[in-house]
>>> print(open('coords_9.pdb').read())   # PDB, C-alpha atoms (C1' of nucleotides)
ATOM      1  CA  MET A 216     -22.485 -38.441  84.421
ATOM      2  CA  PHE A 217     -19.034 -36.949  84.605
ATOM      3  CA  SER A 218     -17.366 -33.586  84.511
ATOM      4  CA  ILE A 219     -15.526 -31.893  81.688
ATOM      5  CA  GLY A 220     -12.216 -32.602  83.381
ATOM      6  CA  SER A 221     -13.003 -36.263  83.539
ATOM      7  CA  LEU A 222     -14.086 -36.268  79.888
ATOM      8  CA  SER A 223     -10.848 -34.535  79.089
ATOM      9  CA  LYS A 224      -8.808 -37.213  80.803
ATOM     10  CA  ARG A 225     -10.695 -40.033  79.144
ATOM     11  CA  THR A 226     -10.313 -38.656  75.643
ATOM     12  CA  GLY A 227      -7.038 -36.770  75.816
ATOM     13  CA  VAL A 228      -8.746 -33.601  74.584
ATOM     14  CA  LYS A 229      -7.970 -30.552  76.683
ATOM     15  CA  VAL A 230     -10.718 -28.878  78.631
ATOM     16  CA  PRO A 231     -10.702 -25.547  76.771
ATOM     17  CA  THR A 232     -10.701 -27.461  73.507
ATOM     18  CA  ILE A 233     -13.839 -29.335  74.516
ATOM     19  CA  ARG A 234     -15.553 -26.059  75.276
ATOM     20  CA  TYR A 235     -14.310 -24.742  71.959
ATOM     21  CA  TYR A 236     -15.814 -27.710  70.109
ATOM     22  CA  GLU A 237     -19.101 -27.087  71.819
ATOM     23  CA  GLN A 238     -18.983 -23.454  70.787
ATOM     24  CA  MET A 239     -18.238 -24.461  67.202
ATOM     25  CA  GLY A 240     -21.240 -26.740  67.161
ATOM     26  CA  LEU A 241     -19.331 -30.011  66.989
ATOM     27  CA  LEU A 242     -20.600 -31.069  70.358
ATOM     28  CA  ALA A 243     -24.176 -30.433  71.423
ATOM     29  CA  GLU A 244     -24.511 -28.125  74.396
ATOM     30  CA  ALA A 245     -23.827 -30.253  77.402
ATOM     31  CA  GLU A 246     -26.265 -30.760  80.225
ATOM     32  CA  ARG A 247     -25.445 -28.793  83.327
ATOM     33  CA  SER A 248     -25.245 -29.507  87.026
ATOM     34  CA  ARG A 249     -27.272 -27.391  89.410
ATOM     35  CA  GLY A 250     -24.200 -25.195  89.711
ATOM     36  CA  ASN A 251     -23.984 -24.748  85.929
ATOM     37  CA  GLN A 252     -21.090 -27.122  85.294
ATOM     38  CA  ARG A 253     -21.089 -29.343  82.223
ATOM     39  CA  ARG A 254     -22.023 -33.007  82.676
ATOM     40  CA  TYR A 255     -21.376 -35.704  80.110
ATOM     41  CA  ASP A 256     -22.437 -39.267  79.543
ATOM     42  CA  LYS A 257     -21.295 -42.155  77.339
ATOM     43  CA  ASP A 258     -22.767 -40.450  74.292
ATOM     44  CA  GLY A 259     -20.722 -37.333  74.758
ATOM     45  CA  LEU A 260     -17.673 -39.460  75.273
ATOM     46  CA  ASN A 261     -18.231 -41.319  72.022
ATOM     47  CA  ARG A 262     -18.828 -38.180  70.086
ATOM     48  CA  LEU A 263     -15.723 -36.503  71.412
ATOM     49  CA  SER A 264     -13.683 -39.627  70.704
ATOM     50  CA  PHE A 265     -14.917 -39.529  67.144
ATOM     51  CA  ILE A 266     -13.830 -35.912  66.861
ATOM     52  CA  ARG A 267     -10.462 -36.520  68.400
ATOM     53  CA  HIS A 268      -9.767 -39.447  66.190
ATOM     54  CA  SER A 269     -10.772 -37.493  63.125
ATOM     55  CA  ARG A 270      -8.526 -34.628  64.154
ATOM     56  CA  GLN A 271      -5.645 -37.024  64.564
ATOM     57  CA  LEU A 272      -6.272 -38.079  61.008
ATOM     58  CA  GLY A 273      -6.044 -34.450  60.006
ATOM     59  CA  PHE A 274      -9.658 -33.740  59.116
ATOM     60  CA  SER A 275     -10.741 -30.127  59.421
ATOM     61  CA  LEU A 276     -13.437 -29.217  61.897
ATOM     62  CA  ALA A 277     -15.737 -28.478  58.975
ATOM     63  CA  ASP A 278     -15.185 -31.958  57.560
ATOM     64  CA  ILE A 279     -15.713 -33.491  60.955
ATOM     65  CA  LYS A 280     -18.984 -31.666  61.292
ATOM     66  CA  GLY A 281     -20.050 -33.262  58.029
ATOM     67  CA  LEU A 282     -18.899 -36.690  59.084
ATOM     68  CA  LEU A 283     -20.726 -36.398  62.385
ATOM     69  CA  MET A 284     -23.922 -35.463  60.595
ATOM     70  CA  LEU A 285     -23.568 -38.444  58.323
ATOM     71  CA  SER A 286     -22.792 -40.789  61.142
ATOM     72  CA  GLN A 287     -26.143 -39.966  62.627
ATOM     73  CA  HIS A 288     -28.104 -40.839  59.547
ATOM     74  CA  PRO A 289     -27.368 -44.505  58.960
ATOM     75  CA  ASP A 290     -29.475 -44.614  55.811
ATOM     76  CA  THR A 291     -27.690 -41.962  53.795
ATOM     77  CA  PRO A 292     -25.278 -43.256  51.192
ATOM     78  CA  CYS A 293     -21.800 -44.056  52.353
ATOM     79  CA  ALA A 294     -20.459 -42.278  49.285
ATOM     80  CA  ASP A 295     -20.769 -38.931  51.049
ATOM     81  CA  ALA A 296     -18.434 -39.942  53.817
ATOM     82  CA  HIS A 297     -16.213 -41.567  51.300
ATOM     83  CA  ASP A 298     -15.904 -38.342  49.363
ATOM     84  CA  ILE A 299     -14.788 -36.403  52.390
ATOM     85  CA  ALA A 300     -12.174 -38.995  53.219
ATOM     86  CA  ALA A 301     -10.976 -39.234  49.631
ATOM     87  CA  ARG A 302     -10.609 -35.492  49.290
ATOM     88  CA  HIS A 303      -8.644 -35.422  52.475
ATOM     89  CA  LEU A 304      -6.440 -38.251  51.317
ATOM     90  CA  ASP A 305      -5.695 -36.242  48.207
ATOM     91  CA  ASP A 306      -4.762 -33.240  50.298
ATOM     92  CA  VAL A 307      -2.451 -35.333  52.393
ATOM     93  CA  ARG A 308      -0.727 -36.699  49.314
ATOM     94  CA  VAL A 309      -0.236 -33.251  47.884
ATOM     95  CA  LYS A 310       1.276 -32.113  51.160
ATOM     96  CA  ILE A 311       3.607 -35.072  51.252
ATOM     97  CA  ALA A 312       4.806 -34.371  47.742
ATOM     98  CA  LYS A 313       5.484 -30.747  48.585
ATOM     99  CA  LEU A 314       7.334 -31.598  51.755
ATOM    100  CA  ARG A 315       9.485 -34.104  49.934
ATOM    101  CA  LYS A 316      10.546 -31.428  47.509
ATOM    102  CA  LEU A 317      11.372 -29.186  50.430
ATOM    103  CA  GLU A 318      13.306 -31.948  52.074
ATOM    104  CA  ARG A 319      15.478 -32.486  49.020
ATOM    105  CA  GLU A 320      16.119 -28.787  48.652
ATOM    106  CA  LEU A 321      16.913 -28.285  52.303
ATOM    107  CA  LYS A 322      19.232 -31.249  52.352
ATOM    108  CA  ARG A 323      21.098 -29.900  49.380
ATOM    109  CA  ILE A 324      21.344 -26.442  50.862
ATOM    110  CA  SER A 325      22.485 -27.679  54.236
ATOM    111  CA  ALA A 326      25.459 -29.483  52.792
ATOM    112  CA  CYS A 327      27.804 -26.632  53.566
ATOM    113  CA  ASN A 328      31.022 -26.650  55.518
ATOM    114  CA  ALA A 329      32.050 -23.057  55.185
ATOM    115  CA  ALA A 330      33.438 -21.332  58.252
ATOM    116  CA  HIS A 331      31.755 -17.976  57.839
ATOM    117  CA  ILE A 332      28.417 -16.675  56.732
ATOM    118  CA  ALA A 333      30.139 -14.966  53.836
ATOM    119  CA  ASP A 334      30.674 -18.337  52.189
ATOM    120  CA  CYS A 335      27.681 -20.126  53.630
ATOM    121  CA  LYS A 336      25.643 -21.999  51.109
ATOM    122  CA  VAL A 337      22.525 -21.792  53.195
ATOM    123  CA  ILE A 338      22.459 -18.027  53.082
ATOM    124  CA  GLU A 339      23.615 -17.898  49.518
ATOM    125  CA  SER A 340      20.908 -20.275  48.370
ATOM    126  CA  LEU A 341      18.217 -18.353  50.146
ATOM    127  CA  ALA A 342      19.375 -15.133  48.603
ATOM    128  CA  ASP A 343      19.447 -16.475  45.097
ATOM    129  CA  HIS A 344      16.587 -18.538  43.870
ATOM    130  CA  GLY A 345      18.527 -19.302  40.719
ATOM    131  CA  LEU A 346      20.651 -21.718  42.688
ATOM    132  CA  CYS A 347      17.732 -24.040  43.305
ATOM    133  CA  GLU A 348      17.411 -27.417  41.709
ATOM    134  CA  ALA A 349      13.732 -27.188  40.901
ATOM    135  CA  GLU A 350      11.271 -24.412  41.230
ATOM    136  CA  HIS A 351       9.019 -24.671  44.228
TER     137      HIS A 351
ATOM    138  CA  MET B 865      13.182   3.652  43.264
ATOM    139  CA  PHE B 866       9.925   1.834  42.787
ATOM    140  CA  SER B 867       6.558   1.472  44.456
ATOM    141  CA  ILE B 868       5.260  -1.298  46.640
ATOM    142  CA  GLY B 869       3.089  -2.538  43.788
ATOM    143  CA  SER B 870       6.079  -2.809  41.546
ATOM    144  CA  LEU B 871       8.049  -4.603  44.256
ATOM    145  CA  SER B 872       5.114  -6.927  44.646
ATOM    146  CA  LYS B 873       5.077  -7.777  40.955
ATOM    147  CA  ARG B 874       8.824  -8.359  40.843
ATOM    148  CA  THR B 875       8.875 -10.704  43.812
ATOM    149  CA  GLY B 876       5.490 -12.324  43.687
ATOM    150  CA  VAL B 877       4.779 -11.224  47.253
ATOM    151  CA  LYS B 878       1.411  -9.543  47.697
ATOM    152  CA  VAL B 879       1.287  -5.898  48.689
ATOM    153  CA  PRO B 880      -0.377  -6.376  52.091
ATOM    154  CA  THR B 881       2.110  -9.119  52.838
ATOM    155  CA  ILE B 882       5.006  -6.772  52.179
ATOM    156  CA  ARG B 883       3.533  -4.273  54.600
ATOM    157  CA  TYR B 884       3.019  -7.070  57.062
ATOM    158  CA  TYR B 885       6.672  -8.063  56.813
ATOM    159  CA  GLU B 886       7.680  -4.499  57.461
ATOM    160  CA  GLN B 887       5.441  -4.406  60.487
ATOM    161  CA  MET B 888       6.948  -7.640  61.762
ATOM    162  CA  GLY B 889      10.436  -6.212  61.452
ATOM    163  CA  LEU B 890      11.589  -8.441  58.605
ATOM    164  CA  LEU B 891      11.909  -5.504  56.273
ATOM    165  CA  ALA B 892      13.306  -2.201  57.443
ATOM    166  CA  GLU B 893      10.853   0.660  57.254
ATOM    167  CA  ALA B 894      10.831   1.756  53.664
ATOM    168  CA  GLU B 895      11.690   5.228  52.522
ATOM    169  CA  ARG B 896       8.706   7.333  51.560
ATOM    170  CA  SER B 897       7.740   9.562  48.683
ATOM    171  CA  ARG B 898       6.653  13.116  49.406
ATOM    172  CA  GLY B 899       3.118  11.768  49.502
ATOM    173  CA  ASN B 900       4.049   9.126  52.091
ATOM    174  CA  GLN B 901       4.116   6.136  49.778
ATOM    175  CA  ARG B 902       6.780   3.470  50.202
ATOM    176  CA  ARG B 903       9.723   3.498  47.800
ATOM    177  CA  TYR B 904      12.110   0.613  47.343
ATOM    178  CA  ASP B 905      15.466   0.039  45.719
ATOM    179  CA  LYS B 906      17.540  -2.979  44.726
ATOM    180  CA  ASP B 907      18.367  -3.685  48.350
ATOM    181  CA  GLY B 908      14.765  -3.949  49.363
ATOM    182  CA  LEU B 909      14.146  -6.211  46.408
ATOM    183  CA  ASN B 910      16.961  -8.534  47.425
ATOM    184  CA  ARG B 911      15.832  -8.689  50.985
ATOM    185  CA  LEU B 912      12.270  -9.463  50.044
ATOM    186  CA  SER B 913      13.421 -12.114  47.581
ATOM    187  CA  PHE B 914      15.382 -13.715  50.377
ATOM    188  CA  ILE B 915      12.296 -13.730  52.558
ATOM    189  CA  ARG B 916      10.061 -15.107  49.862
ATOM    190  CA  HIS B 917      12.444 -17.830  49.009
ATOM    191  CA  SER B 918      12.825 -18.787  52.645
ATOM    192  CA  ARG B 919       9.066 -18.883  53.052
ATOM    193  CA  GLN B 920       8.788 -21.161  50.052
ATOM    194  CA  LEU B 921      11.178 -23.471  51.815
ATOM    195  CA  GLY B 922       8.889 -23.396  54.806
ATOM    196  CA  PHE B 923      10.975 -21.377  57.257
ATOM    197  CA  SER B 924       9.015 -19.531  59.910
ATOM    198  CA  LEU B 925       9.168 -15.758  60.017
ATOM    199  CA  ALA B 926      11.129 -16.033  63.263
ATOM    200  CA  ASP B 927      13.721 -18.252  61.589
ATOM    201  CA  ILE B 928      13.904 -15.933  58.637
ATOM    202  CA  LYS B 929      14.541 -13.033  60.936
ATOM    203  CA  GLY B 930      17.490 -14.946  62.320
ATOM    204  CA  LEU B 931      18.779 -15.868  58.906
ATOM    205  CA  LEU B 932      18.523 -12.266  57.750
ATOM    206  CA  MET B 933      20.504 -11.103  60.754
ATOM    207  CA  LEU B 934      23.160 -13.673  60.036
ATOM    208  CA  SER B 935      23.302 -12.819  56.380
ATOM    209  CA  GLN B 936      24.279  -9.312  57.316
ATOM    210  CA  HIS B 937      27.227 -10.314  59.429
ATOM    211  CA  PRO B 938      29.513 -12.141  57.021
ATOM    212  CA  ASP B 939      32.051 -12.910  59.738
ATOM    213  CA  THR B 940      29.823 -14.866  62.083
ATOM    214  CA  PRO B 941      30.152 -18.617  61.908
ATOM    215  CA  CYS B 942      28.133 -20.360  59.277
ATOM    216  CA  ALA B 943      27.159 -22.949  61.870
ATOM    217  CA  ASP B 944      24.395 -20.698  63.160
ATOM    218  CA  ALA B 945      22.645 -20.607  59.836
ATOM    219  CA  HIS B 946      23.303 -24.258  59.429
ATOM    220  CA  ASP B 947      21.561 -25.018  62.695
ATOM    221  CA  ILE B 948      18.439 -23.196  61.686
ATOM    222  CA  ALA B 949      18.314 -25.043  58.404
ATOM    223  CA  ALA B 950      19.040 -28.401  60.019
ATOM    224  CA  ARG B 951      16.341 -27.931  62.621
ATOM    225  CA  HIS B 952      13.913 -27.064  59.913
ATOM    226  CA  LEU B 953      14.932 -30.067  57.875
ATOM    227  CA  ASP B 954      14.217 -32.227  60.892
ATOM    228  CA  ASP B 955      10.794 -30.666  61.267
ATOM    229  CA  VAL B 956      10.034 -31.330  57.649
ATOM    230  CA  ARG B 957      11.050 -34.958  58.004
ATOM    231  CA  VAL B 958       8.919 -35.423  61.058
ATOM    232  CA  LYS B 959       5.982 -33.928  59.211
ATOM    233  CA  ILE B 960       6.540 -36.214  56.249
ATOM    234  CA  ALA B 961       6.624 -39.253  58.483
ATOM    235  CA  LYS B 962       3.399 -38.247  60.172
ATOM    236  CA  LEU B 963       1.647 -37.570  56.915
ATOM    237  CA  ARG B 964       2.708 -40.910  55.537
ATOM    238  CA  LYS B 965       1.144 -42.637  58.496
ATOM    239  CA  LEU B 966      -2.000 -40.641  57.886
ATOM    240  CA  GLU B 967      -1.944 -41.546  54.254
ATOM    241  CA  ARG B 968      -1.756 -45.250  55.008
ATOM    242  CA  GLU B 969      -4.548 -45.036  57.534
ATOM    243  CA  LEU B 970      -6.782 -42.967  55.287
ATOM    244  CA  LYS B 971      -6.213 -45.293  52.384
ATOM    245  CA  ARG B 972      -7.137 -48.248  54.506
ATOM    246  CA  ILE B 973     -10.224 -46.550  55.852
ATOM    247  CA  SER B 974     -11.395 -45.370  52.471
ATOM    248  CA  ALA B 975     -11.459 -48.853  51.037
ATOM    249  CA  CYS B 976     -15.142 -49.245  51.702
ATOM    250  CA  ASN B 977     -17.901 -50.161  49.313
ATOM    251  CA  ALA B 978     -20.832 -50.213  51.643
ATOM    252  CA  ALA B 979     -24.060 -48.701  50.429
ATOM    253  CA  HIS B 980     -25.143 -46.942  53.602
ATOM    254  CA  ILE B 981     -23.509 -45.054  56.401
ATOM    255  CA  ALA B 982     -24.610 -47.762  58.773
ATOM    256  CA  ASP B 983     -22.008 -50.104  57.267
ATOM    257  CA  CYS B 984     -19.482 -47.503  56.225
ATOM    258  CA  LYS B 985     -15.976 -48.237  57.251
ATOM    259  CA  VAL B 986     -14.985 -44.592  57.226
ATOM    260  CA  ILE B 987     -17.457 -43.695  59.931
ATOM    261  CA  GLU B 988     -16.877 -46.876  61.812
ATOM    262  CA  SER B 989     -13.149 -46.366  61.878
ATOM    263  CA  LEU B 990     -13.455 -42.826  63.059
ATOM    264  CA  ALA B 991     -15.752 -43.849  65.833
ATOM    265  CA  ASP B 992     -13.543 -46.620  67.069
ATOM    266  CA  HIS B 993      -9.889 -45.991  67.432
ATOM    267  CA  GLY B 994      -9.361 -49.652  68.204
ATOM    268  CA  LEU B 995      -9.815 -50.416  64.526
ATOM    269  CA  CYS B 996      -6.651 -48.570  63.575
ATOM    270  CA  GLU B 997      -3.560 -50.288  62.353
ATOM    271  CA  ALA B 998      -1.096 -48.248  64.352
ATOM    272  CA  GLU B 999      -1.580 -45.609  66.942
ATOM    273  CA  HIS B1000      -1.154 -42.069  65.726
TER     274      HIS B1000
ATOM    275  C1'  DA C1052      -8.119  18.801  34.443
ATOM    276  C1'  DT C1053      -9.972  14.684  35.287
ATOM    277  C1'  DA C1054     -10.422   9.941  35.886
ATOM    278  C1'  DA C1055      -8.497   5.566  36.951
ATOM    279  C1'  DT C1056      -5.398   3.352  39.530
ATOM    280  C1'  DT C1057      -2.557   2.739  43.238
ATOM    281  C1'  DC C1058      -1.396   3.836  47.553
ATOM    282  C1'  DC C1059      -2.118   4.924  52.735
ATOM    283  C1'  DT C1060      -3.739   3.370  57.690
ATOM    284  C1'  DC C1061      -6.668   0.871  60.487
ATOM    285  C1'  DT C1062      -9.528  -2.838  61.873
ATOM    286  C1'  DA C1063     -11.243  -7.394  61.631
ATOM    287  C1'  DG C1064     -11.206 -12.119  60.021
ATOM    288  C1'  DC C1065      -9.427 -17.076  58.867
ATOM    289  C1'  DA C1066      -8.049 -22.113  61.606
ATOM    290  C1'  DG C1067      -7.658 -24.309  65.807
ATOM    291  C1'  DC C1068      -6.706 -23.740  69.534
ATOM    292  C1'  DT C1069      -4.244 -21.813  74.214
ATOM    293  C1'  DA C1070      -3.692 -18.730  78.186
ATOM    294  C1'  DG C1071      -5.212 -15.687  81.554
ATOM    295  C1'  DA C1072      -8.372 -12.853  84.604
ATOM    296  C1'  DG C1073     -11.756 -12.838  87.923
ATOM    297  C1'  DG C1074     -15.167 -15.339  90.036
ATOM    298  C1'  DT C1075     -18.187 -19.762  91.386
ATOM    299  C1'  DT C1076     -18.951 -24.661  92.544
ATOM    300  C1'  DC C1077     -17.730 -29.036  93.994
ATOM    301  C1'  DA C1078     -15.615 -32.888  96.678
ATOM    302  C1'  DA C1079     -12.869 -34.486 100.331
ATOM    303  C1'  DG C1080     -10.902 -34.235 104.812
ATOM    304  C1'  DA C1081     -11.086 -32.449 109.840
TER     305       DA C1081
ATOM    306  C1'  DT D 746     -20.726 -29.237 109.240
ATOM    307  C1'  DC D 747     -17.204 -26.423 107.856
ATOM    308  C1'  DT D 748     -13.258 -25.418 105.257
ATOM    309  C1'  DT D 749      -9.978 -25.677 101.945
ATOM    310  C1'  DG D 750      -8.236 -26.458  97.438
ATOM    311  C1'  DA D 751      -9.062 -28.132  93.120
ATOM    312  C1'  DA D 752     -11.829 -27.827  89.334
ATOM    313  C1'  DC D 753     -15.166 -25.337  87.095
ATOM    314  C1'  DC D 754     -17.507 -21.042  84.830
ATOM    315  C1'  DT D 755     -17.429 -16.958  81.197
ATOM    316  C1'  DC D 756     -15.042 -13.660  78.713
ATOM    317  C1'  DT D 757     -11.312 -11.660  76.303
ATOM    318  C1'  DA D 758      -7.017 -11.734  74.023
ATOM    319  C1'  DG D 759      -3.150 -14.057  71.810
ATOM    320  C1'  DC D 760      -0.649 -17.312  68.591
ATOM    321  C1'  DT D 761       0.990 -17.801  62.874
ATOM    322  C1'  DG D 762       0.897 -15.774  58.488
ATOM    323  C1'  DC D 763      -1.487 -13.693  56.169
ATOM    324  C1'  DT D 764      -6.035 -11.614  53.604
ATOM    325  C1'  DA D 765      -9.978  -8.467  52.978
ATOM    326  C1'  DG D 766     -12.330  -4.307  53.445
ATOM    327  C1'  DA D 767     -13.388   0.632  54.700
ATOM    328  C1'  DG D 768     -12.488   5.266  53.896
ATOM    329  C1'  DG D 769      -9.490   8.422  52.141
ATOM    330  C1'  DA D 770      -5.056  10.486  49.842
ATOM    331  C1'  DA D 771      -1.528  10.268  46.149
ATOM    332  C1'  DT D 772      -0.064   9.233  41.716
ATOM    333  C1'  DT D 773      -0.347   8.335  36.786
ATOM    334  C1'  DA D 774      -2.424   8.398  32.293
ATOM    335  C1'  DT D 775      -5.280  10.643  29.084
TER     336       DT D 775
END
>>> encode(input="coords_9.pdb", output="structure tokens")
Amino acid sequence: MFSIGSLSKRTGVKVPTIRYYEQMGLLAEAERSRGNQRRYDKDGLNRLSFIRHSRQLGFSLADIKGLLMLSQHPDTPCADAHDIAARHLDDVRVKIAKLRKLERELKRISACNAAHIADCKVIESLADHGLCEAEH
Amino acid sequence: MFSIGSLSKRTGVKVPTIRYYEQMGLLAEAERSRGNQRRYDKDGLNRLSFIRHSRQLGFSLADIKGLLMLSQHPDTPCADAHDIAARHLDDVRVKIAKLRKLERELKRISACNAAHIADCKVIESLADHGLCEAEH
DNA sequence: ATAATTCCTCTAGCAGCTAGAGGTTCAAGA
DNA sequence: TCTTGAACCTCTAGCTGCTAGAGGAATTAT
């Protein structure tokens, strides 16, 4: 049995964030000490690790809730978890594509050696969408 | 002189968003009709177009505020604007790199044909960080 | 003149936390 | 055992960049 601070250190998830996850229903309400402080065991640690790892992979809290549910019913079809992951992968790919477009555009815009704002390509490009390579 | 709705249609920025920009100090307080409704002219249109375009390129409102300031002082050095754009370009690149890592990891995880959650690689991988290719 | 549309302000909500106030409990050293 | 200081508690508010809705006034079209 260990405290929330200790759980925080072991998982790298900040203390207020742990409490927030509990409030959001991602973590079950923790047991309490006589003085009303949260106490965790190996189970809580595993669950929080799962959450943290999922967050690092960019899953939303809603998705994680779903994944946690699934993980506790070993007999349900794997396809459900797969779907969540696949949808997320799609999202990530879309984001990458968008950011790459941005990168190109920003690179192009930034190539400006003017001395004053009056001639600055950055400002000019922002003011006039017509100067863009592609629409975004 | 045109209404906020008309400005909205011309720029593609939603009405409440325009008001929000005004509140945030990105747009000067608009002139008003006798009945207290906002009226805009070409200037307002240009400024809002600048903002919208900058947002599409992913600049934060704070950055845009800076860029707008700069754009109104044609004699200041272009370097200032350049810095903002370059910093943002860096951010975008960092984001792309992170997302690519995520993409790889998600792709790897999703390659799972198990029938049940019990054997599902998605869940397993999320539960055990040690199964990851790289740290993230 | 009337009805439909647009506009006004104000408040609250979204995600996913983070920070602070004001107060209690715990653990370690004297 | 007592005391101190760190860690804990709950609650509220704030962050970004909007978006939605209530309740009411102005404008525009017929």
>>> resolve_selection(input="coords_9.pdb", expression="the PyMOL selection byres ((chain D and resi 757-774) around 7)", output="PDB file with C-alpha atoms (C1' of nucleotides), in the coordinates of the input")
ATOM      1  CA  THR B 881       2.110  -9.119  52.838  1.00  0.00           C
ATOM      2  CA  GLY B 899       3.118  11.768  49.502  1.00  0.00           C
TER       3      GLY B 899
ATOM      4  C1'  DC C1058      -1.396   3.836  47.553  1.00  0.00           C
ATOM      5  C1'  DC C1059      -2.118   4.924  52.735  1.00  0.00           C
TER       6       DC C1059
ATOM      7  C1'  DC D 756     -15.042 -13.660  78.713  1.00  0.00           C
ATOM      8  C1'  DT D 775      -5.280  10.643  29.084  1.00  0.00           C
TER       9       DT D 775
END
>>> closest_atom_pairs(input="coords_9.pdb", of="chain B", to="chain C", cutoff="9 Å", atoms="only C-alpha atoms (C1' of nucleotides)", output="Markdown table")
| residue | atom | partner | partner_atom | distance |
| --- | --- | --- | --- | --- |
| B:Ser867 | CA | C:DC1058 | C1' | 8.9 |
| B:Ile868 | CA | C:DC1058 | C1' | 8.5 |
| B:Gly869 | CA | C:DT1057 | C1' | 7.7 |
| B:Asn900 | CA | C:DC1059 | C1' | 7.5 |
| B:Gln901 | CA | C:DC1058 | C1' | 6.4 |
| B:Arg902 | CA | C:DC1058 | C1' | 8.6 |
>>> residues_around(input="coords_9.pdb", residues="segment 315-323 of chain A", least_positions_apart="6", cutoff="7 Å", atoms="only C-alpha atoms (C1' of nucleotides)", output="VMD selection string")
chain B and resid 921 953 956
>>> atom_distance(input="coords_9.pdb", atom1="atom CA of Ala991 of chain B", atom2="atom CA of Phe265 of chain A")
4.6 Å
>>> resolve_selection(input="coords_9.pdb", expression="the PyMOL selection byres ((chain B) within 12 of (chain D))", output="short mmCIF file (atom, residue, chain, number, x, y, z; two decimals) with C-alpha atoms, in the coordinates of the input")
data_model
loop_
_atom_site.label_atom_id
_atom_site.label_comp_id
_atom_site.auth_asym_id
_atom_site.auth_seq_id
_atom_site.Cartn_x
_atom_site.Cartn_y
_atom_site.Cartn_z
CA SER B 867 6.56 1.47 44.46
CA VAL B 877 4.78 -11.22 47.25
CA LYS B 878 1.41 -9.54 47.70
CA VAL B 879 1.29 -5.90 48.69
CA PRO B 880 -0.38 -6.38 52.09
CA THR B 881 2.11 -9.12 52.84
CA ILE B 882 5.01 -6.77 52.18
CA ARG B 883 3.53 -4.27 54.60
CA TYR B 884 3.02 -7.07 57.06
CA TYR B 885 6.67 -8.06 56.81
CA MET B 888 6.95 -7.64 61.76
CA ARG B 896 8.71 7.33 51.56
CA SER B 897 7.74 9.56 48.68
CA ARG B 898 6.65 13.12 49.41
CA GLY B 899 3.12 11.77 49.50
CA ASN B 900 4.05 9.13 52.09
CA GLN B 901 4.12 6.14 49.78
CA ARG B 902 6.78 3.47 50.20
CA ARG B 919 9.07 -18.88 53.05
CA GLY B 922 8.89 -23.40 54.81
CA PHE B 923 10.98 -21.38 57.26
CA SER B 924 9.02 -19.53 59.91
CA LEU B 925 9.17 -15.76 60.02
CA ALA B 926 11.13 -16.03 63.26
#
>>> resolve_selection(input="coords_9.pdb", expression="the PyMOL selection byres ((chain B) within 8 of (chain A))", output="PyMOL selection string")
chain B and resi 910-911+913-915+917-918+920-922+931+934-935+937-943+945-946+949-950+953+956-957+959-960+963-964+966-967+969-971+974+976-984+986-987+990-993+1000
>>> axis_aligned_box(input="coords_9.pdb", around="segment 938-948 of chain B", padding_each_side="4 Å", output="lines of an AutoDock Vina configuration file")
center_x = 25.2
center_y = -18.6
center_z = 60.1
size_x = 21.6
size_y = 20.9
size_z = 14.1
>>> atom_distance(input="coords_9.pdb", atom1="atom CA of Ser221 of chain A", atom2="atom CA of Met284 of chain A")
25.4 Å
>>> atom_distance(input="coords_9.pdb", atom1="atom CA of Met216 of chain A", atom2="atom CA of Lys280 of chain A")
24.4 Å
